[in-house]
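First comes the structure, then the notes that go with it.
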Amino acid sequence: MLGRSRLSRTGSFRPENLGQNALHMIGHLCFTLFVIGVLVFTIIAATYEPKNPIFHPSTKIETFLTSSSNATFRSDNTVVRTGEDFMVSNQTAFATFINAKDVVETKEGSADEISLSRCEGDWKEPIDCKDPEVFHLMMKVVIERFEDIHFYQFGKPAPGPKENTCDMAWQFRPKEGKTVAFLKDYRRFVIKRSKKCKLSVVSIGDYHSGVNARKKKRKNQKPGFEQGGVPLPVVGEPINDSLPVVESEIAFSRGKYLIYAGGGDRCKNMNHYLWSFLCALGEAQYLNRTLVMDLTLCLSSIYTLSNEDEEGKDFRFYFDFEHLKETASVLDQQQFWEDWNEWQRQDGLTLYLVEYSRVTPMQLSEVKDSLIMRKFGSVEPDNYWYRVCEGETESVIRRPWHLVWKSRRLMDIVSAIASRLNWDYDSVHIVRGDKARNSDLWPNLAQDTSPNTLISTLQGKIEDGRNVYVATNEPNMSFFYPLKDKYSTHFLEDYKDLWDENSEWYSLTKELNYGIPVDFDGYMRASVDTEVFFRGKKQIETFNDLTDDCKEGVNTCNTATS
């Protein structure tokens with residue numbers, strides 16, 4: 001009996017039952033693994049801190065960013081598109097951003113006041129800007145006041161110059177309009193405490209009025225936002241575009257360098273300049289060398305107030321050098337030659353001279369010399385830098401457009417204008433004059449835009465009474481008087497206080513230019529005008545029906561949008 005009992009208890013292991021038992025064991029094992037997986041996922045989800053959410057571009061870069069063997073340039077004064085313009089796409093991806101409005105609890109009562117949870121001391125005492133309830137009130141009022149922007153984060157308030165003032169900063173992006181950079185504003189709040197211990201915001205200052213909340217950028221501070229490993233600028237943050245310096249003689253002697261010298265690119269339009277400069281930068285990256293660049297530009301006469309070519313313009317007036325030096329290996333030409341002359345002979349540094357653009361970067365990839373110098377001749381157009389990137393090279397060298405951004409000093413003016421319009425405006429782009437009628441830039445523009453044509457173009461596209469920003473090259477503002485009957489019109493000239501002698505831009509560029517005032521030239525004007533246009537909720541071009549021939553140049557034409 002005992003033997004039979006034992007045999008019956010182990011009967012499940014009989015051969016005819018093994019298949020069924022195996023299925024049960026596999027099922028239990030899978031269920032166990034599933035439970036473990038859920039637990040692991042839950043723990044990761046609860047503890048993971050994602051990077052700042054940045055959208056990823058999904059649209060292709062426009063055809064003019066791809067070099068062609070027959071690259072030509074036309075003398076126009078349009079603004080070349082830079083890196084940030086091609087990272088703007090799929091605006092809906094920013095819907096995943098943490099909106100501060102979702103984390104600031106809404107309390108009953110007026111948006112501009114709250115009742116203190118505790119009331120101690122004299123109600124006339126100075127406002128404590130570090131009080132969490134004061135902070136909460138300021139955030140709530142800002143969110144209610146500026147409905148057309150997404151808030152990303154707020155900085156802690158700082159005391160203002162008076163006992164009833166506090167300064168606070170925040171980072172944000174407009175809900176609509178084309179912009180990839182994050183923006184920073186800091187404003188001054190006047191706060192009142194009543195006898196019944198109610199706090200209320202009396203007023204909020206203008207754009208960038210809360211200077212005490214503006215933090216200085218720390219040395220070697222990492223950018224707060226990245227896309228694909230490329231740092232994105234925060235317009236409104238302090239700028240550190242000082243020239244890079246080689247740390248030591250050893251570091252300099254170990255480096256490999258590339259420099260372009262001479263050529264016919266000087267004083268050409270900005271489209272031409274960037275097309276050539278980015279060819280040089282692309283070759284330097286391909287060869288894994290530091291590009292030695294000349295930071296002084298010659299500004300073409302099409303942009304200058306004097307109508308003559310002007311030398312000595314600083315690269316940093318127009319482009320974001322801080323972003324460039326953080327994302328690419330570059331050195332200022334003047335500093336480089338000082339170091340080279342000091343250490344070249346004693347450290348045995350050698351130079352490899354290339355005098356023909358038809359020598360490809362691929363042929364230079366095995367060169368071991370410390371410095372490769374491409375020397376260009378005097379015969380145009382064969383002496384243009386961008387010739388290096390033509391032919392068989394164009395499939396190898398890619399121009400790094402994402403490294404060149406517009407100057408944040410200029411972009412700060414753009415943000416100031418948009419802020420004065422509360423980020424709630426539509427925009428229209430109007431090109432007039434000989435460049436629109438007679439130039440080969442606009443070969444199929446049947447007639448110049450007239451006021452009646454303009455009004456009919458906007459009819460049904462922009463609601464009556466809306467704020468409309470007009471980006472234009474037309475100097476005669478009376479041309480736009482008919483628009484004032486239907487819209488509240490705004491022009492770049494309405495905001496000239498942002499670059500006059502009392503402005504922040506004026507003082508910053510003067511300091512950068514060794515104490516010499518800087519003209520707000522034609523390229524700067526066109527650059528700001530264009531960027532304000534791009535931030536409109538609706539953006540309308542007033543010219544259309546351009547042929548494909550007009551689209552083949554490097555940003556020389558625009559297609560109609562509505």
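Quick note on naming: the chains in the structure tokens go A, B, ... in the order shown, residues restart at 1 in each chain, and ligands are numbered from 1 in order of appearance.
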Where does stretch 318-371 of chain A meet stretch 404-426 of chain A within 12 Å, residue by residue, with the nearest atom pair and distance in Å to one decimal for each, counting only C-alpha atoms, listed by chain and rising number, as JSON lines?
{"residue": "A:Tyr318", "atom": "CA", "partner": "A:Ser407", "partner_atom": "CA", "distance": 5.0}
{"residue": "A:Phe319", "atom": "CA", "partner": "A:Ser407", "partner_atom": "CA", "distance": 4.0}
{"residue": "A:Asp320", "atom": "CA", "partner": "A:Ser407", "partner_atom": "CA", "distance": 4.4}
{"residue": "A:Phe321", "atom": "CA", "partner": "A:Ser407", "partner_atom": "CA", "distance": 7.7}
{"residue": "A:Glu322", "atom": "CA", "partner": "A:Ser407", "partner_atom": "CA", "distance": 9.3}
{"residue": "A:His323", "atom": "CA", "partner": "A:Trp405", "partner_atom": "CA", "distance": 7.3}
{"residue": "A:Leu324", "atom": "CA", "partner": "A:Val404", "partner_atom": "CA", "distance": 6.3}
{"residue": "A:Lys325", "atom": "CA", "partner": "A:Val404", "partner_atom": "CA", "distance": 10.0}
{"residue": "A:Glu326", "atom": "CA", "partner": "A:Val404", "partner_atom": "CA", "distance": 11.2}
{"residue": "A:Thr327", "atom": "CA", "partner": "A:Val404", "partner_atom": "CA", "distance": 9.6}
{"residue": "A:Ala328", "atom": "CA", "partner": "A:Val404", "partner_atom": "CA", "distance": 10.0}
Got a sec: who's within 12 Å of stretch 249-255 of chain A, counting only C-alpha atoms, leaving out chain neighbours fewer than 4 positions off, as a PDB file with N, CA and C atoms, in the first residue's frame?
ATOM      1  N   VAL A 245      40.487  80.434 -26.626  1.00  0.00           N
ATOM      2  CA  VAL A 245      41.940  80.522 -26.465  1.00  0.00           C
ATOM      3  C   VAL A 245      42.496  79.123 -26.232  1.00  0.00           C
ATOM      4  N   ASN A 288      38.796  66.445 -39.586  1.00  0.00           N
ATOM      5  CA  ASN A 288      38.999  66.424 -38.136  1.00  0.00           C
ATOM      6  C   ASN A 288      40.040  67.459 -37.718  1.00  0.00           C
ATOM      7  N   ARG A 289      39.869  68.667 -38.258  1.00  0.00           N
ATOM      8  CA  ARG A 289      40.779  69.761 -37.965  1.00  0.00           C
ATOM      9  C   ARG A 289      40.003  70.961 -37.416  1.00  0.00           C
ATOM     10  N   THR A 290      40.717  71.839 -36.725  1.00  0.00           N
ATOM     11  CA  THR A 290      40.140  73.084 -36.234  1.00  0.00           C
ATOM     12  C   THR A 290      40.153  74.109 -37.358  1.00  0.00           C
ATOM     13  N   LEU A 291      38.998  74.740 -37.593  1.00  0.00           N
ATOM     14  CA  LEU A 291      38.943  75.774 -38.614  1.00  0.00           C
ATOM     15  C   LEU A 291      39.428  77.094 -38.034  1.00  0.00           C
ATOM     16  N   VAL A 292      40.414  77.687 -38.671  1.00  0.00           N
ATOM     17  CA  VAL A 292      40.910  79.011 -38.291  1.00  0.00           C
ATOM     18  C   VAL A 292      40.120  80.022 -39.119  1.00  0.00           C
ATOM     19  N   SER A 329      34.898  73.038 -33.648  1.00  0.00           N
ATOM     20  CA  SER A 329      36.251  73.426 -33.256  1.00  0.00           C
ATOM     21  C   SER A 329      36.705  74.571 -34.158  1.00  0.00           C
ATOM     22  N   VAL A 330      36.715  75.788 -33.606  1.00  0.00           N
ATOM     23  CA  VAL A 330      37.108  76.979 -34.367  1.00  0.00           C
ATOM     24  C   VAL A 330      38.042  77.839 -33.531  1.00  0.00           C
ATOM     25  N   LEU A 331      38.895  78.611 -34.214  1.00  0.00           N
ATOM     26  CA  LEU A 331      39.790  79.567 -33.572  1.00  0.00           C
ATOM     27  C   LEU A 331      39.772  80.865 -34.365  1.00  0.00           C
ATOM     28  N   GLN A 335      44.332  85.362 -33.220  1.00  0.00           N
ATOM     29  CA  GLN A 335      44.905  84.650 -32.082  1.00  0.00           C
ATOM     30  C   GLN A 335      45.744  83.463 -32.543  1.00  0.00           C
ATOM     31  N   PHE A 336      45.264  82.794 -33.585  1.00  0.00           N
ATOM     32  CA  PHE A 336      46.002  81.628 -34.098  1.00  0.00           C
ATOM     33  C   PHE A 336      47.393  82.021 -34.580  1.00  0.00           C
ATOM     34  N   TRP A 337      47.469  83.093 -35.376  1.00  0.00           N
ATOM     35  CA  TRP A 337      48.773  83.460 -35.915  1.00  0.00           C
ATOM     36  C   TRP A 337      49.739  83.934 -34.824  1.00  0.00           C
ATOM     37  N   GLU A 338      49.222  84.533 -33.770  1.00  0.00           N
ATOM     38  CA  GLU A 338      50.083  84.913 -32.651  1.00  0.00           C
ATOM     39  C   GLU A 338      50.694  83.661 -32.010  1.00  0.00           C
ATOM     40  N   ASP A 339      49.870  82.649 -31.792  1.00  0.00           N
ATOM     41  CA  ASP A 339      50.379  81.402 -31.206  1.00  0.00           C
ATOM     42  C   ASP A 339      51.305  80.679 -32.176  1.00  0.00           C
ATOM     43  N   TRP A 340      50.942  80.679 -33.443  1.00  0.00           N
ATOM     44  CA  TRP A 340      51.760  79.996 -34.442  1.00  0.00           C
ATOM     45  C   TRP A 340      53.156  80.630 -34.525  1.00  0.00           C
ATOM     46  N   ASN A 341      53.209  81.918 -34.575  1.00  0.00           N
ATOM     47  CA  ASN A 341      54.508  82.593 -34.681  1.00  0.00           C
ATOM     48  C   ASN A 341      55.362  82.374 -33.439  1.00  0.00           C
ATOM     49  N   GLU A 342      54.733  82.170 -32.306  1.00  0.00           N
ATOM     50  CA  GLU A 342      55.470  81.970 -31.062  1.00  0.00           C
ATOM     51  C   GLU A 342      56.007  80.555 -30.934  1.00  0.00           C
ATOM     52  N   TRP A 343      55.253  79.565 -31.385  1.00  0.00           N
ATOM     53  CA  TRP A 343      55.613  78.169 -31.109  1.00  0.00           C
ATOM     54  C   TRP A 343      55.951  77.344 -32.346  1.00  0.00           C
ATOM     55  N   GLN A 344      55.721  77.874 -33.530  1.00  0.00           N
ATOM     56  CA  GLN A 344      55.886  77.061 -34.736  1.00  0.00           C
ATOM     57  C   GLN A 344      57.317  76.542 -34.907  1.00  0.00           C
ATOM     58  N   ARG A 345      58.286  77.439 -34.760  1.00  0.00           N
ATOM     59  CA  ARG A 345      59.667  77.036 -35.018  1.00  0.00           C
ATOM     60  C   ARG A 345      60.203  76.113 -33.940  1.00  0.00           C
ATOM     61  N   GLN A 346      59.978  76.461 -32.685  1.00  0.00           N
ATOM     62  CA  GLN A 346      60.565  75.639 -31.609  1.00  0.00           C
ATOM     63  C   GLN A 346      59.875  74.293 -31.467  1.00  0.00           C
ATOM     64  N   ASP A 347      58.621  74.192 -31.897  1.00  0.00           N
ATOM     65  CA  ASP A 347      57.916  72.911 -31.789  1.00  0.00           C
ATOM     66  C   ASP A 347      57.883  72.144 -33.103  1.00  0.00           C
ATOM     67  N   GLY A 348      58.515  72.687 -34.136  1.00  0.00           N
ATOM     68  CA  GLY A 348      58.600  71.975 -35.416  1.00  0.00           C
ATOM     69  C   GLY A 348      57.260  71.809 -36.106  1.00  0.00           C
ATOM     70  N   LEU A 349      56.398  72.810 -36.023  1.00  0.00           N
ATOM     71  CA  LEU A 349      55.083  72.725 -36.666  1.00  0.00           C
ATOM     72  C   LEU A 349      55.227  73.004 -38.159  1.00  0.00           C
ATOM     73  N   THR A 350      54.543  72.220 -38.973  1.00  0.00           N
ATOM     74  CA  THR A 350      54.714  72.319 -40.426  1.00  0.00           C
ATOM     75  C   THR A 350      53.415  72.754 -41.107  1.00  0.00           C
ATOM     76  N   LYS A 368      49.644  64.977 -42.725  1.00  0.00           N
ATOM     77  CA  LYS A 368      49.991  64.959 -41.300  1.00  0.00           C
ATOM     78  C   LYS A 368      50.463  66.315 -40.782  1.00  0.00           C
ATOM     79  N   ASP A 369      50.660  67.276 -41.659  1.00  0.00           N
ATOM     80  CA  ASP A 369      51.175  68.580 -41.246  1.00  0.00           C
ATOM     81  C   ASP A 369      50.219  69.250 -40.258  1.00  0.00           C
ATOM     82  N   SER A 370      50.785  70.123 -39.422  1.00  0.00           N
ATOM     83  CA  SER A 370      49.975  70.793 -38.402  1.00  0.00           C
ATOM     84  C   SER A 370      48.915  71.696 -39.024  1.00  0.00           C
ATOM     85  N   LEU A 371      49.260  72.372 -40.119  1.00  0.00           N
ATOM     86  CA  LEU A 371      48.361  73.341 -40.730  1.00  0.00           C
ATOM     87  C   LEU A 371      48.228  73.078 -42.225  1.00  0.00           C
ATOM     88  N   ILE A 372      46.978  72.989 -42.675  1.00  0.00           N
ATOM     89  CA  ILE A 372      46.688  72.980 -44.105  1.00  0.00           C
ATOM     90  C   ILE A 372      46.153  74.360 -44.462  1.00  0.00           C
TER      91      ILE A 372
END
Just the strand (DSSP E) stuff from stretch 342-480 of chain A, please, per backbone DSSP, written as an MDAnalysis selection string.
chainID A and resid 351:354 371:376 426:430 467:472
Please determine, counting only C-alpha atoms, which residue among A:Phe34, A:Tyr303, A:Phe533, A:Tyr523 has the shortest atom-to-atom distance to A:Phe317.
A:Tyr523
So that I can check the surroundings of A:His150, please list as a PDB file with all heavy atoms, in the first residue's frame every protein, DNA and RNA residue that reaches within 6 Å of it, counting only C-alpha atoms and ignoring chain neighbours fewer than 5 positions away.
ATOM      1  N   ASN A  99       3.759  72.203 -19.261  1.00  0.00           N
ATOM      2  CA  ASN A  99       3.292  73.578 -19.225  1.00  0.00           C
ATOM      3  C   ASN A  99       3.088  73.975 -17.773  1.00  0.00           C
ATOM      4  O   ASN A  99       2.372  73.313 -17.039  1.00  0.00           O
ATOM      5  CB  ASN A  99       1.977  73.703 -19.999  1.00  0.00           C
ATOM      6  CG  ASN A  99       1.555  75.156 -20.161  1.00  0.00           C
ATOM      7  OD1 ASN A  99       2.222  76.061 -19.655  1.00  0.00           O
ATOM      8  ND2 ASN A  99       0.466  75.370 -20.863  1.00  0.00           N
ATOM      9  N   PHE A 172      10.129  80.208 -21.935  1.00  0.00           N
ATOM     10  CA  PHE A 172       8.859  79.957 -22.597  1.00  0.00           C
ATOM     11  C   PHE A 172       9.055  79.807 -24.095  1.00  0.00           C
ATOM     12  O   PHE A 172      10.137  80.022 -24.632  1.00  0.00           O
ATOM     13  CB  PHE A 172       7.900  81.124 -22.326  1.00  0.00           C
ATOM     14  CG  PHE A 172       8.305  82.419 -22.984  1.00  0.00           C
ATOM     15  CD1 PHE A 172       7.752  82.819 -24.193  1.00  0.00           C
ATOM     16  CD2 PHE A 172       9.256  83.249 -22.400  1.00  0.00           C
ATOM     17  CE1 PHE A 172       8.135  83.998 -24.805  1.00  0.00           C
ATOM     18  CE2 PHE A 172       9.642  84.444 -23.008  1.00  0.00           C
ATOM     19  CZ  PHE A 172       9.074  84.818 -24.214  1.00  0.00           C
ATOM     20  N   ARG A 173       7.984  79.428 -24.755  1.00  0.00           N
ATOM     21  CA  ARG A 173       7.894  79.433 -26.209  1.00  0.00           C
ATOM     22  C   ARG A 173       6.502  79.886 -26.591  1.00  0.00           C
ATOM     23  O   ARG A 173       5.540  79.588 -25.884  1.00  0.00           O
ATOM     24  CB  ARG A 173       8.138  78.045 -26.804  1.00  0.00           C
ATOM     25  CG  ARG A 173       9.542  77.513 -26.620  1.00  0.00           C
ATOM     26  CD  ARG A 173       9.770  76.246 -27.430  1.00  0.00           C
ATOM     27  NE  ARG A 173       9.948  76.568 -28.843  1.00  0.00           N
ATOM     28  CZ  ARG A 173       9.029  76.387 -29.766  1.00  0.00           C
ATOM     29  NH1 ARG A 173       7.843  75.914 -29.445  1.00  0.00           N
ATOM     30  NH2 ARG A 173       9.262  76.682 -31.022  1.00  0.00           N
ATOM     31  N   PRO A 174       6.352  80.580 -27.703  1.00  0.00           N
ATOM     32  CA  PRO A 174       5.008  80.949 -28.147  1.00  0.00           C
ATOM     33  C   PRO A 174       4.228  79.711 -28.563  1.00  0.00           C
ATOM     34  O   PRO A 174       4.802  78.753 -29.075  1.00  0.00           O
ATOM     35  CB  PRO A 174       5.275  81.877 -29.344  1.00  0.00           C
ATOM     36  CG  PRO A 174       6.645  81.524 -29.814  1.00  0.00           C
ATOM     37  CD  PRO A 174       7.400  81.113 -28.589  1.00  0.00           C
ATOM     38  N   LYS A 175       2.933  79.736 -28.332  1.00  0.00           N
ATOM     39  CA  LYS A 175       2.092  78.604 -28.712  1.00  0.00           C
ATOM     40  C   LYS A 175       2.048  78.420 -30.220  1.00  0.00           C
ATOM     41  O   LYS A 175       1.922  77.312 -30.715  1.00  0.00           O
ATOM     42  CB  LYS A 175       0.682  78.796 -28.164  1.00  0.00           C
ATOM     43  CG  LYS A 175       0.570  78.685 -26.656  1.00  0.00           C
ATOM     44  CD  LYS A 175      -0.864  78.861 -26.194  1.00  0.00           C
ATOM     45  CE  LYS A 175      -0.972  78.730 -24.678  1.00  0.00           C
ATOM     46  NZ  LYS A 175      -2.365  78.937 -24.200  1.00  0.00           N
TER      47      LYS A 175
END
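Closest to A:Arg316 among A:Tyr481, A:Ser357, A:Lys268, A:Leu295 is A:Leu295, based on only C-alpha atoms.
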Helix (DSSP H, G or I) residues, from DSSP on the backbone, in stretch 297-393 of chain A, as a ChimeraX atom specification:
/A:315-318,321-327,333-347,361-364,385-389,391-393
Can I get the selection written as a short mmCIF file (atom, residue, chain, number, x, y, z; two decimals), in the first residue's frame, with N, CA, C and O atoms?
data_model
loop_
_atom_site.label_atom_id
_atom_site.label_comp_id
_atom_site.auth_asym_id
_atom_site.auth_seq_id
_atom_site.Cartn_x
_atom_site.Cartn_y
_atom_site.Cartn_z
N PHE A 315 31.71 89.17 -36.98
CA PHE A 315 30.85 88.00 -37.19
C PHE A 315 29.77 87.92 -36.14
O PHE A 315 28.62 87.54 -36.41
N ARG A 316 30.10 88.33 -34.90
CA ARG A 316 29.18 88.20 -33.77
C ARG A 316 28.04 89.21 -33.82
O ARG A 316 27.06 89.07 -33.07
N PHE A 317 28.13 90.22 -34.69
CA PHE A 317 27.00 91.13 -34.87
C PHE A 317 25.80 90.41 -35.49
O PHE A 317 24.66 90.77 -35.24
N TYR A 318 26.11 89.40 -36.30
CA TYR A 318 25.08 88.78 -37.13
C TYR A 318 24.77 87.33 -36.76
O TYR A 318 23.65 86.87 -37.01
N PHE A 321 28.07 83.27 -32.17
CA PHE A 321 29.39 82.67 -32.09
C PHE A 321 29.52 81.74 -30.89
O PHE A 321 30.26 80.77 -30.92
N GLU A 322 28.80 82.03 -29.81
CA GLU A 322 28.84 81.14 -28.65
C GLU A 322 28.36 79.75 -29.04
O GLU A 322 28.96 78.74 -28.68
N HIS A 323 27.27 79.68 -29.78
CA HIS A 323 26.75 78.39 -30.24
C HIS A 323 27.76 77.70 -31.15
O HIS A 323 27.98 76.49 -31.05
N LEU A 324 28.40 78.47 -32.03
CA LEU A 324 29.36 77.89 -32.97
C LEU A 324 30.56 77.30 -32.25
O LEU A 324 30.98 76.17 -32.53
N LYS A 325 31.14 78.06 -31.31
CA LYS A 325 32.36 77.58 -30.65
C LYS A 325 32.08 76.42 -29.71
O LYS A 325 32.98 75.64 -29.38
N GLU A 326 30.82 76.27 -29.25
CA GLU A 326 30.46 75.16 -28.37
C GLU A 326 30.18 73.88 -29.15
O GLU A 326 30.21 72.79 -28.59
N THR A 327 29.89 74.02 -30.45
CA THR A 327 29.50 72.85 -31.23
C THR A 327 30.50 72.50 -32.33
O THR A 327 30.36 71.45 -32.96
N GLN A 333 41.41 83.86 -36.24
CA GLN A 333 42.60 83.91 -37.07
C GLN A 333 43.73 84.72 -36.43
O GLN A 333 44.89 84.29 -36.44
N GLN A 334 43.40 85.85 -35.85
CA GLN A 334 44.43 86.69 -35.25
C GLN A 334 45.12 85.99 -34.08
O GLN A 334 46.36 85.99 -33.97
N GLN A 335 44.33 85.36 -33.22
CA GLN A 335 44.91 84.65 -32.08
C GLN A 335 45.74 83.46 -32.54
O GLN A 335 46.81 83.17 -31.99
N PHE A 336 45.26 82.79 -33.59
CA PHE A 336 46.00 81.63 -34.10
C PHE A 336 47.39 82.02 -34.58
O PHE A 336 48.38 81.36 -34.25
N TRP A 337 47.47 83.09 -35.38
CA TRP A 337 48.77 83.46 -35.91
C TRP A 337 49.74 83.93 -34.82
O TRP A 337 50.96 83.72 -34.93
N GLU A 338 49.22 84.53 -33.77
CA GLU A 338 50.08 84.91 -32.65
C GLU A 338 50.69 83.66 -32.01
O GLU A 338 51.90 83.62 -31.72
N ASP A 339 49.87 82.65 -31.79
CA ASP A 339 50.38 81.40 -31.21
C ASP A 339 51.31 80.68 -32.18
O ASP A 339 52.33 80.11 -31.77
N TRP A 340 50.94 80.68 -33.44
CA TRP A 340 51.76 80.00 -34.44
C TRP A 340 53.16 80.63 -34.53
O TRP A 340 54.18 79.91 -34.56
N ASN A 341 53.21 81.92 -34.58
CA ASN A 341 54.51 82.59 -34.68
C ASN A 341 55.36 82.37 -33.44
O ASN A 341 56.60 82.38 -33.51
N GLU A 342 54.73 82.17 -32.31
CA GLU A 342 55.47 81.97 -31.06
C GLU A 342 56.01 80.55 -30.93
O GLU A 342 57.13 80.35 -30.44
N TRP A 343 55.25 79.57 -31.39
CA TRP A 343 55.61 78.17 -31.11
C TRP A 343 55.95 77.34 -32.35
O TRP A 343 56.45 76.22 -32.22
N GLN A 344 55.72 77.87 -33.53
CA GLN A 344 55.89 77.06 -34.74
C GLN A 344 57.32 76.54 -34.91
O GLN A 344 57.55 75.37 -35.14
N ARG A 345 58.29 77.44 -34.76
CA ARG A 345 59.67 77.04 -35.02
C ARG A 345 60.20 76.11 -33.94
O ARG A 345 60.79 75.06 -34.24
N GLN A 346 59.98 76.46 -32.69
CA GLN A 346 60.57 75.64 -31.61
C GLN A 346 59.88 74.29 -31.47
O GLN A 346 60.48 73.32 -30.99
N ASP A 347 58.62 74.19 -31.90
CA ASP A 347 57.92 72.91 -31.79
C ASP A 347 57.88 72.14 -33.10
O ASP A 347 57.30 71.06 -33.18
N PRO A 361 39.11 67.51 -50.55
CA PRO A 361 39.35 67.16 -49.15
C PRO A 361 39.77 65.70 -48.99
O PRO A 361 40.55 65.38 -48.10
N MET A 362 39.27 64.83 -49.86
CA MET A 362 39.63 63.42 -49.77
C MET A 362 41.13 63.22 -50.01
O MET A 362 41.76 62.36 -49.40
N GLN A 363 41.70 64.03 -50.89
CA GLN A 363 43.12 63.93 -51.16
C GLN A 363 43.97 64.47 -50.00
O GLN A 363 45.16 64.17 -49.92
N LEU A 364 43.34 65.27 -49.14
CA LEU A 364 44.07 65.86 -48.01
C LEU A 364 43.90 65.06 -46.72
O LEU A 364 44.46 65.44 -45.69
N TRP A 385 35.45 80.23 -52.36
CA TRP A 385 35.69 79.12 -51.44
C TRP A 385 34.77 77.93 -51.69
O TRP A 385 35.15 76.78 -51.54
N TYR A 386 33.53 78.23 -52.05
CA TYR A 386 32.56 77.14 -52.16
C TYR A 386 32.88 76.19 -53.30
O TYR A 386 32.32 75.10 -53.41
N ARG A 387 33.82 76.59 -54.20
CA ARG A 387 34.22 75.69 -55.28
C ARG A 387 34.83 74.39 -54.74
O ARG A 387 34.80 73.36 -55.40
N VAL A 388 35.40 74.46 -53.54
CA VAL A 388 36.00 73.27 -52.93
C VAL A 388 34.96 72.18 -52.74
O VAL A 388 35.26 70.98 -52.82
N CYS A 389 33.73 72.58 -52.51
CA CYS A 389 32.67 71.61 -52.19
C CYS A 389 31.85 71.20 -53.40
O CYS A 389 30.75 70.65 -53.26
N GLY A 391 31.53 69.33 -57.46
CA GLY A 391 32.00 68.14 -58.14
C GLY A 391 31.88 66.90 -57.27
O GLY A 391 30.87 66.70 -56.57
N GLU A 392 32.90 66.07 -57.28
CA GLU A 392 32.86 64.81 -56.52
C GLU A 392 32.82 65.05 -55.01
O GLU A 392 32.42 64.19 -54.24
N THR A 393 33.21 66.26 -54.59
CA THR A 393 33.27 66.55 -53.15
C THR A 393 31.89 66.73 -52.55
O THR A 393 31.68 66.46 -51.37
#
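Atom CA of A:Leu278 is positioned 26.5 Å from atom CA of A:Leu183.
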A:Met477 environment, 12 Å, only C-alpha atoms, sequence neighbours closer than 6 positions dropped, as a list in words:
Pro451, Val470, Ala471, Leu483, Lys484, Thr489, His490, Phe491, Leu492, Glu493 and Asp494 of chain A
Nearest candidate to A:Pro381 (options A:Asp265, A:Asp206, A:Asp521, A:Glu531; using only C-alpha atoms):
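Among the listed residues, A:Asp265 lies closest to A:Pro381.
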Report the distance between atom CA of A:Ser378 and atom CA of A:Ser306 in Å, rounded to one decimal place.
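Atom-to-atom, atom CA of A:Ser378 to atom CA of A:Ser306, that is 26.3 Å.
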Counting only C-alpha atoms, figure out which residue out of A:Asn269, A:Gln171, A:Asn502, A:Ser427 gets nearest to A:Ile149.
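Counting only C-alpha atoms, the residue closest to A:Ile149 is A:Gln171.
Contact shell of A:Lys215 at 10 Å (only C-alpha atoms; same-chain neighbours under 3 positions omitted): A:Gly155, A:Ala169, A:Val211, A:Asn212, A:Arg218, A:Glu237, A:Pro238.
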